[in-house]
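> Just model.json, nothing more (JSON, N, CA and C atoms):
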[["chain", "number", "residue", "atom", "x", "y", "z"],
["A", 1, "MET", "N", -7.41, -6.33, 7.12],
["A", 1, "MET", "CA", -6.38, -5.34, 6.91],
["A", 1, "MET", "C", -7.04, -3.96, 6.94],
["A", 2, "PHE", "N", -6.95, -3.26, 8.06],
["A", 2, "PHE", "CA", -7.51, -1.92, 8.15],
["A", 2, "PHE", "C", -6.42, -0.89, 7.89],
["A", 3, "LEU", "N", -6.62, -0.10, 6.86],
["A", 3, "LEU", "CA", -5.69, 0.97, 6.53],
["A", 3, "LEU", "C", -6.45, 2.28, 6.48],
["A", 4, "THR", "N", -5.73, 3.36, 6.78],
["A", 4, "THR", "CA", -6.35, 4.67, 6.60],
["A", 4, "THR", "C", -6.51, 4.92, 5.10],
["A", 5, "LYS", "N", -7.31, 5.92, 4.79],
["A", 5, "LYS", "CA", -7.51, 6.26, 3.38],
["A", 5, "LYS", "C", -6.18, 6.59, 2.71],
["A", 6, "ARG", "N", -5.33, 7.34, 3.38],
["A", 6, "ARG", "CA", -4.03, 7.73, 2.81],
["A", 6, "ARG", "C", -3.13, 6.51, 2.64],
["A", 7, "GLU", "N", -3.11, 5.62, 3.62],
["A", 7, "GLU", "CA", -2.30, 4.40, 3.50],
["A", 7, "GLU", "C", -2.77, 3.57, 2.32],
["A", 8, "GLU", "N", -4.07, 3.48, 2.14],
["A", 8, "GLU", "CA", -4.60, 2.72, 1.01],
["A", 8, "GLU", "C", -4.22, 3.37, -0.32],
["A", 9, "GLU", "N", -4.28, 4.69, -0.38],
["A", 9, "GLU", "CA", -3.86, 5.40, -1.60],
["A", 9, "GLU", "C", -2.41, 5.09, -1.93],
["A", 10, "ILE", "N", -1.56, 5.14, -0.92],
["A", 10, "ILE", "CA", -0.13, 4.89, -1.12],
["A", 10, "ILE", "C", 0.11, 3.45, -1.54],
["A", 11, "LEU", "N", -0.57, 2.52, -0.90],
["A", 11, "LEU", "CA", -0.39, 1.12, -1.26],
["A", 11, "LEU", "C", -0.86, 0.85, -2.68],
["A", 12, "LYS", "N", -1.98, 1.43, -3.08],
["A", 12, "LYS", "CA", -2.46, 1.25, -4.45],
["A", 12, "LYS", "C", -1.46, 1.79, -5.48],
["A", 13, "LEU", "N", -0.85, 2.93, -5.18],
["A", 13, "LEU", "CA", 0.15, 3.48, -6.09],
["A", 13, "LEU", "C", 1.40, 2.60, -6.12],
["A", 14, "ALA", "N", 1.76, 2.02, -4.98],
["A", 14, "ALA", "CA", 2.89, 1.10, -4.95],
["A", 14, "ALA", "C", 2.58, -0.15, -5.78],
["A", 15, "VAL", "N", 1.34, -0.63, -5.68],
["A", 15, "VAL", "CA", 0.92, -1.78, -6.48],
["A", 15, "VAL", "C", 1.06, -1.48, -7.97],
["A", 16, "LEU", "N", 0.80, -0.24, -8.35],
["A", 16, "LEU", "CA", 0.94, 0.16, -9.76],
["A", 16, "LEU", "C", 2.39, 0.31, -10.19],
["A", 17, "GLY", "N", 3.31, 0.19, -9.24],
["A", 17, "GLY", "CA", 4.73, 0.22, -9.57],
["A", 17, "GLY", "C", 5.40, 1.56, -9.40],
["A", 18, "LEU", "N", 4.71, 2.53, -8.82],
["A", 18, "LEU", "CA", 5.31, 3.85, -8.62],
["A", 18, "LEU", "C", 6.36, 3.81, -7.52],
["A", 19, "ALA", "N", 7.46, 4.51, -7.76],
["A", 19, "ALA", "CA", 8.51, 4.65, -6.76],
["A", 19, "ALA", "C", 8.06, 5.66, -5.71],
["A", 20, "ASP", "N", 8.72, 5.66, -4.57],
["A", 20, "ASP", "CA", 8.35, 6.55, -3.48],
["A", 20, "ASP", "C", 8.30, 8.01, -3.93],
["A", 21, "LYS", "N", 9.25, 8.46, -4.71],
["A", 21, "LYS", "CA", 9.30, 9.84, -5.18],
["A", 21, "LYS", "C", 8.08, 10.17, -6.03],
["A", 22, "LYS", "N", 7.71, 9.26, -6.92],
["A", 22, "LYS", "CA", 6.53, 9.47, -7.77],
["A", 22, "LYS", "C", 5.25, 9.51, -6.94],
["A", 23, "ILE", "N", 5.16, 8.63, -5.94],
["A", 23, "ILE", "CA", 4.00, 8.63, -5.06],
["A", 23, "ILE", "C", 3.93, 9.97, -4.33],
["A", 24, "ALA", "N", 5.04, 10.41, -3.80],
["A", 24, "ALA", "CA", 5.10, 11.69, -3.09],
["A", 24, "ALA", "C", 4.67, 12.84, -3.99],
["A", 25, "ASP", "N", 5.19, 12.86, -5.20],
["A", 25, "ASP", "CA", 4.83, 13.93, -6.14],
["A", 25, "ASP", "C", 3.34, 13.91, -6.46],
["A", 26, "GLN", "N", 2.79, 12.73, -6.69],
["A", 26, "GLN", "CA", 1.39, 12.62, -7.07],
["A", 26, "GLN", "C", 0.46, 13.06, -5.94],
["A", 27, "LEU", "N", 0.86, 12.76, -4.69],
["A", 27, "LEU", "CA", 0.00, 13.07, -3.54],
["A", 27, "LEU", "C", 0.38, 14.38, -2.86],
["A", 28, "CYS", "N", 1.39, 15.06, -3.40],
["A", 28, "CYS", "CA", 1.85, 16.34, -2.84],
["A", 28, "CYS", "C", 2.28, 16.21, -1.38],
["A", 29, "ILE", "N", 3.05, 15.16, -1.10],
["A", 29, "ILE", "CA", 3.62, 14.94, 0.22],
["A", 29, "ILE", "C", 5.11, 14.64, 0.05],
["A", 30, "SER", "N", 5.83, 14.59, 1.15],
["A", 30, "SER", "CA", 7.26, 14.32, 1.07],
["A", 30, "SER", "C", 7.53, 12.82, 0.94],
["A", 31, "VAL", "N", 8.70, 12.49, 0.45],
["A", 31, "VAL", "CA", 9.11, 11.09, 0.35],
["A", 31, "VAL", "C", 9.17, 10.47, 1.74],
["A", 32, "ARG", "N", 9.61, 11.26, 2.70],
["A", 32, "ARG", "CA", 9.67, 10.75, 4.08],
["A", 32, "ARG", "C", 8.28, 10.37, 4.59],
["A", 33, "THR", "N", 7.27, 11.15, 4.24],
["A", 33, "THR", "CA", 5.90, 10.83, 4.64],
["A", 33, "THR", "C", 5.43, 9.55, 3.96],
["A", 34, "VAL", "N", 5.79, 9.38, 2.71],
["A", 34, "VAL", "CA", 5.47, 8.12, 2.01],
["A", 34, "VAL", "C", 6.11, 6.96, 2.75],
["A", 35, "ASN", "N", 7.37, 7.10, 3.11],
["A", 35, "ASN", "CA", 8.07, 6.03, 3.83],
["A", 35, "ASN", "C", 7.43, 5.73, 5.18],
["A", 36, "THR", "N", 6.98, 6.77, 5.86],
["A", 36, "THR", "CA", 6.31, 6.57, 7.15],
["A", 36, "THR", "C", 5.01, 5.80, 6.96],
["A", 37, "HIS", "N", 4.23, 6.17, 5.97],
["A", 37, "HIS", "CA", 2.99, 5.44, 5.69],
["A", 37, "HIS", "C", 3.27, 3.99, 5.32],
["A", 38, "LEU", "N", 4.28, 3.77, 4.49],
["A", 38, "LEU", "CA", 4.62, 2.39, 4.11],
["A", 38, "LEU", "C", 5.03, 1.57, 5.33],
["A", 39, "THR", "N", 5.80, 2.16, 6.21],
["A", 39, "THR", "CA", 6.22, 1.46, 7.43],
["A", 39, "THR", "C", 5.01, 1.08, 8.27],
["A", 40, "ARG", "N", 4.05, 1.98, 8.38],
["A", 40, "ARG", "CA", 2.82, 1.67, 9.14],
["A", 40, "ARG", "C", 2.02, 0.57, 8.45],
["A", 41, "ILE", "N", 1.98, 0.60, 7.13],
["A", 41, "ILE", "CA", 1.30, -0.46, 6.38],
["A", 41, "ILE", "C", 1.95, -1.81, 6.68],
["A", 42, "TYR", "N", 3.28, -1.84, 6.67],
["A", 42, "TYR", "CA", 4.00, -3.09, 6.95],
["A", 42, "TYR", "C", 3.67, -3.60, 8.36],
["A", 43, "CYS", "N", 3.68, -2.70, 9.33],
["A", 43, "CYS", "CA", 3.40, -3.11, 10.72],
["A", 43, "CYS", "C", 1.98, -3.62, 10.87],
["A", 44, "LYS", "N", 1.02, -2.91, 10.29],
["A", 44, "LYS", "CA", -0.39, -3.31, 10.42],
["A", 44, "LYS", "C", -0.66, -4.67, 9.80],
["A", 45, "ASN", "N", 0.13, -5.03, 8.79],
["A", 45, "ASN", "CA", -0.12, -6.27, 8.06],
["A", 45, "ASN", "C", 0.92, -7.35, 8.33],
["A", 46, "ALA", "N", 1.80, -7.09, 9.28],
["A", 46, "ALA", "CA", 2.83, -8.07, 9.67],
["A", 46, "ALA", "C", 3.64, -8.54, 8.47],
["A", 47, "VAL", "N", 4.05, -7.57, 7.65],
["A", 47, "VAL", "CA", 4.93, -7.87, 6.52],
["A", 47, "VAL", "C", 6.21, -7.07, 6.70],
["A", 48, "ASN", "N", 7.23, -7.46, 5.94],
["A", 48, "ASN", "CA", 8.55, -6.86, 6.14],
["A", 48, "ASN", "C", 8.99, -5.89, 5.05],
["A", 49, "ASN", "N", 8.28, -5.90, 3.93],
["A", 49, "ASN", "CA", 8.74, -5.04, 2.83],
["A", 49, "ASN", "C", 7.61, -4.76, 1.84],
["A", 50, "ARG", "N", 7.93, -3.95, 0.87],
["A", 50, "ARG", "CA", 6.96, -3.51, -0.14],
["A", 50, "ARG", "C", 6.38, -4.69, -0.92],
["A", 51, "SER", "N", 7.24, -5.62, -1.32],
["A", 51, "SER", "CA", 6.78, -6.78, -2.10],
["A", 51, "SER", "C", 5.76, -7.61, -1.33],
["A", 52, "GLU", "N", 6.01, -7.83, -0.06],
["A", 52, "GLU", "CA", 5.08, -8.59, 0.77],
["A", 52, "GLU", "C", 3.77, -7.83, 0.96],
["A", 53, "ALA", "N", 3.86, -6.52, 1.13],
["A", 53, "ALA", "CA", 2.65, -5.70, 1.29],
["A", 53, "ALA", "C", 1.80, -5.74, 0.02],
["A", 54, "ILE", "N", 2.46, -5.64, -1.13],
["A", 54, "ILE", "CA", 1.75, -5.70, -2.41],
["A", 54, "ILE", "C", 1.10, -7.07, -2.60],
["A", 55, "ALA", "N", 1.84, -8.13, -2.28],
["A", 55, "ALA", "CA", 1.29, -9.48, -2.41],
["A", 55, "ALA", "C", 0.08, -9.66, -1.52],
["A", 56, "MET", "N", 0.14, -9.17, -0.29],
["A", 56, "MET", "CA", -0.98, -9.29, 0.63],
["A", 56, "MET", "C", -2.18, -8.49, 0.11],
["A", 57, "TYR", "N", -1.94, -7.30, -0.40],
["A", 57, "TYR", "CA", -3.02, -6.47, -0.94],
["A", 57, "TYR", "C", -3.70, -7.19, -2.11],
["A", 58, "LEU", "N", -2.91, -7.69, -3.04],
["A", 58, "LEU", "CA", -3.48, -8.38, -4.20],
["A", 58, "LEU", "C", -4.25, -9.63, -3.79],
["A", 59, "LYS", "N", -3.72, -10.35, -2.83],
["A", 59, "LYS", "CA", -4.42, -11.54, -2.33],
["A", 59, "LYS", "C", -5.78, -11.16, -1.75],
["A", 60, "ASN", "N", -5.82, -10.08, -0.96],
["A", 60, "ASN", "CA", -7.08, -9.63, -0.37],
["A", 60, "ASN", "C", -8.06, -9.17, -1.43],
["A", 61, "VAL", "N", -7.58, -8.48, -2.44],
["A", 61, "VAL", "CA", -8.45, -8.02, -3.53],
["A", 61, "VAL", "C", -9.03, -9.22, -4.26],
["A", 62, "LEU", "N", -8.21, -10.23, -4.54],
["A", 62, "LEU", "CA", -8.69, -11.42, -5.22],
["A", 62, "LEU", "C", -9.70, -12.17, -4.37],
["A", 63, "MET", "N", -9.47, -12.24, -3.06],
["A", 63, "MET", "CA", -10.40, -12.93, -2.17],
["A", 63, "MET", "C", -11.75, -12.23, -2.17],
["A", 64, "LEU", "N", -11.75, -10.90, -2.23],
["A", 64, "LEU", "CA", -13.02, -10.16, -2.28],
["A", 64, "LEU", "C", -13.75, -10.46, -3.57],
["A", 65, "ASP", "N", -13.01, -10.50, -4.69],
["A", 65, "ASP", "CA", -13.64, -10.80, -5.99],
["A", 65, "ASP", "C", -14.25, -12.18, -5.99],
["A", 66, "ILE", "N", -13.56, -13.15, -5.43],
["A", 66, "ILE", "CA", -14.04, -14.54, -5.42],
["A", 66, "ILE", "C", -15.29, -14.66, -4.55],
["A", 67, "SER", "N", -15.35, -13.92, -3.44],
["A", 67, "SER", "CA", -16.48, -14.06, -2.54],
["A", 67, "SER", "C", -17.78, -13.53, -3.15],
["A", 68, "TYR", "N", -17.68, -12.71, -4.20],
["A", 68, "TYR", "CA", -18.87, -12.20, -4.86],
["A", 68, "TYR", "C", -19.38, -13.12, -5.97],
["A", 69, "VAL", "N", -18.63, -14.17, -6.26],
["A", 69, "VAL", "CA", -19.02, -15.09, -7.35],
["A", 69, "VAL", "C", -20.06, -16.06, -6.84]]
Take the structure in the file and write it out as structure tokens.


Amino acid sequence: MFLTKREEEILKLAVLGLADKKIADQLCISVRTVNTHLTRIYCKNAVNNRSEAIAMYLKNVLMLDISYV
């Protein structure tokens, strides 16, 4: 899963449960820009929505942790 730095920032904030408006406010970007980044995240990871993107991110994080054991 290759994401740009900004896409990764947005996905991490989504994982924390922040709404699009809160993400936009925190990163000083528009809500539309957040939505554009999320759409690109979905396309890059072949997922259809925020929940699937978060699940895929968490799965990848867990796989990385396990590989270091």

> Grab the CA of Ile10 (chain A) to CA of Val34 (chain A) distance for me, in Å with one decimal place.

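Separation of CA of Ile10 (chain A) and CA of Val34 (chain A): 7.2 Å.
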
> Wanna dump the region 23-62 of chain A-region 6-9 of chain A contacts at 7 Å for me, each residue with its shortest atom pair and the distance in Å to one decimal, counting only N, CA and C atoms, ordered by chain and number, as JSON lines?


{"residue": "A:His37", "atom": "CA", "partner": "A:Glu7", "partner_atom": "CA", "distance": 5.8}
{"residue": "A:Leu38", "atom": "N", "partner": "A:Glu7", "partner_atom": "CA", "distance": 6.7}
{"residue": "A:Ile41", "atom": "CA", "partner": "A:Glu7", "partner_atom": "CA", "distance": 6.7}

> Determine which residues of chain A receive a DSSP assignment of alpha helix (DSSP H), computed from the backbone, and state them as a PyMOL selection string.

chain A and resi 5-15+20-27+31-45+50-67

> Can you work out the spacing between atom C of Phe2 (chain A) and atom N of Lys44 (chain A) in Å, to one decimal?

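Separation of atom C of Phe2 (chain A) and atom N of Lys44 (chain A): 8.1 Å.
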
> Show which residues sit within 8 Å of Leu13 (chain A), as a list in words. Count only N, CA and C atoms, and ignore same-chain residues fewer than 6 positions away.

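Skipping anything fewer than 6 positions along the chain leaves Glu7, Ala19, Lys22 and Ile23 of chain A.
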
> Between A:Leu27, A:Lys21, A:Val15, A:Thr33, which residue has the minimum interatomic distance to Ala55 (chain A), considering all atoms listed in the file?

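Selected residue with least distance to Ala55 (chain A): A:Val15.
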
> Would you mind reading off the distance between atom C of Leu62 (chain A) and atom C of Ala24 (chain A), one decimal, in Å?

28.8 Å

> Would you mind telling me which residue in A:Ala53, A:Met63, A:Leu16, A:Cys28 lies nearest to Arg40 (chain A) when using only C-alpha atoms?

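Ranked by minimum distance to Arg40 (chain A), first place goes to A:Ala53.
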
> The centre and edge lengths of an axis-aligned box containing all atoms of region 6-18 of chain A present in the file, extended by 5 Å on each side, are to be given in Å to one decimal, as AutoDock Vina command-line options.


--center_x 0.5 --center_y 3.0 --center_z -3.3 --size_x 21.7 --size_y 19.5 --size_z 23.8

> So, counting only C-alpha atoms, which residue among A:Leu18, A:Leu11, A:Val61, A:Ile29 is closest to Asn49 (chain A)?

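That would be A:Leu11, the residue with the smallest distance to Asn49 (chain A).
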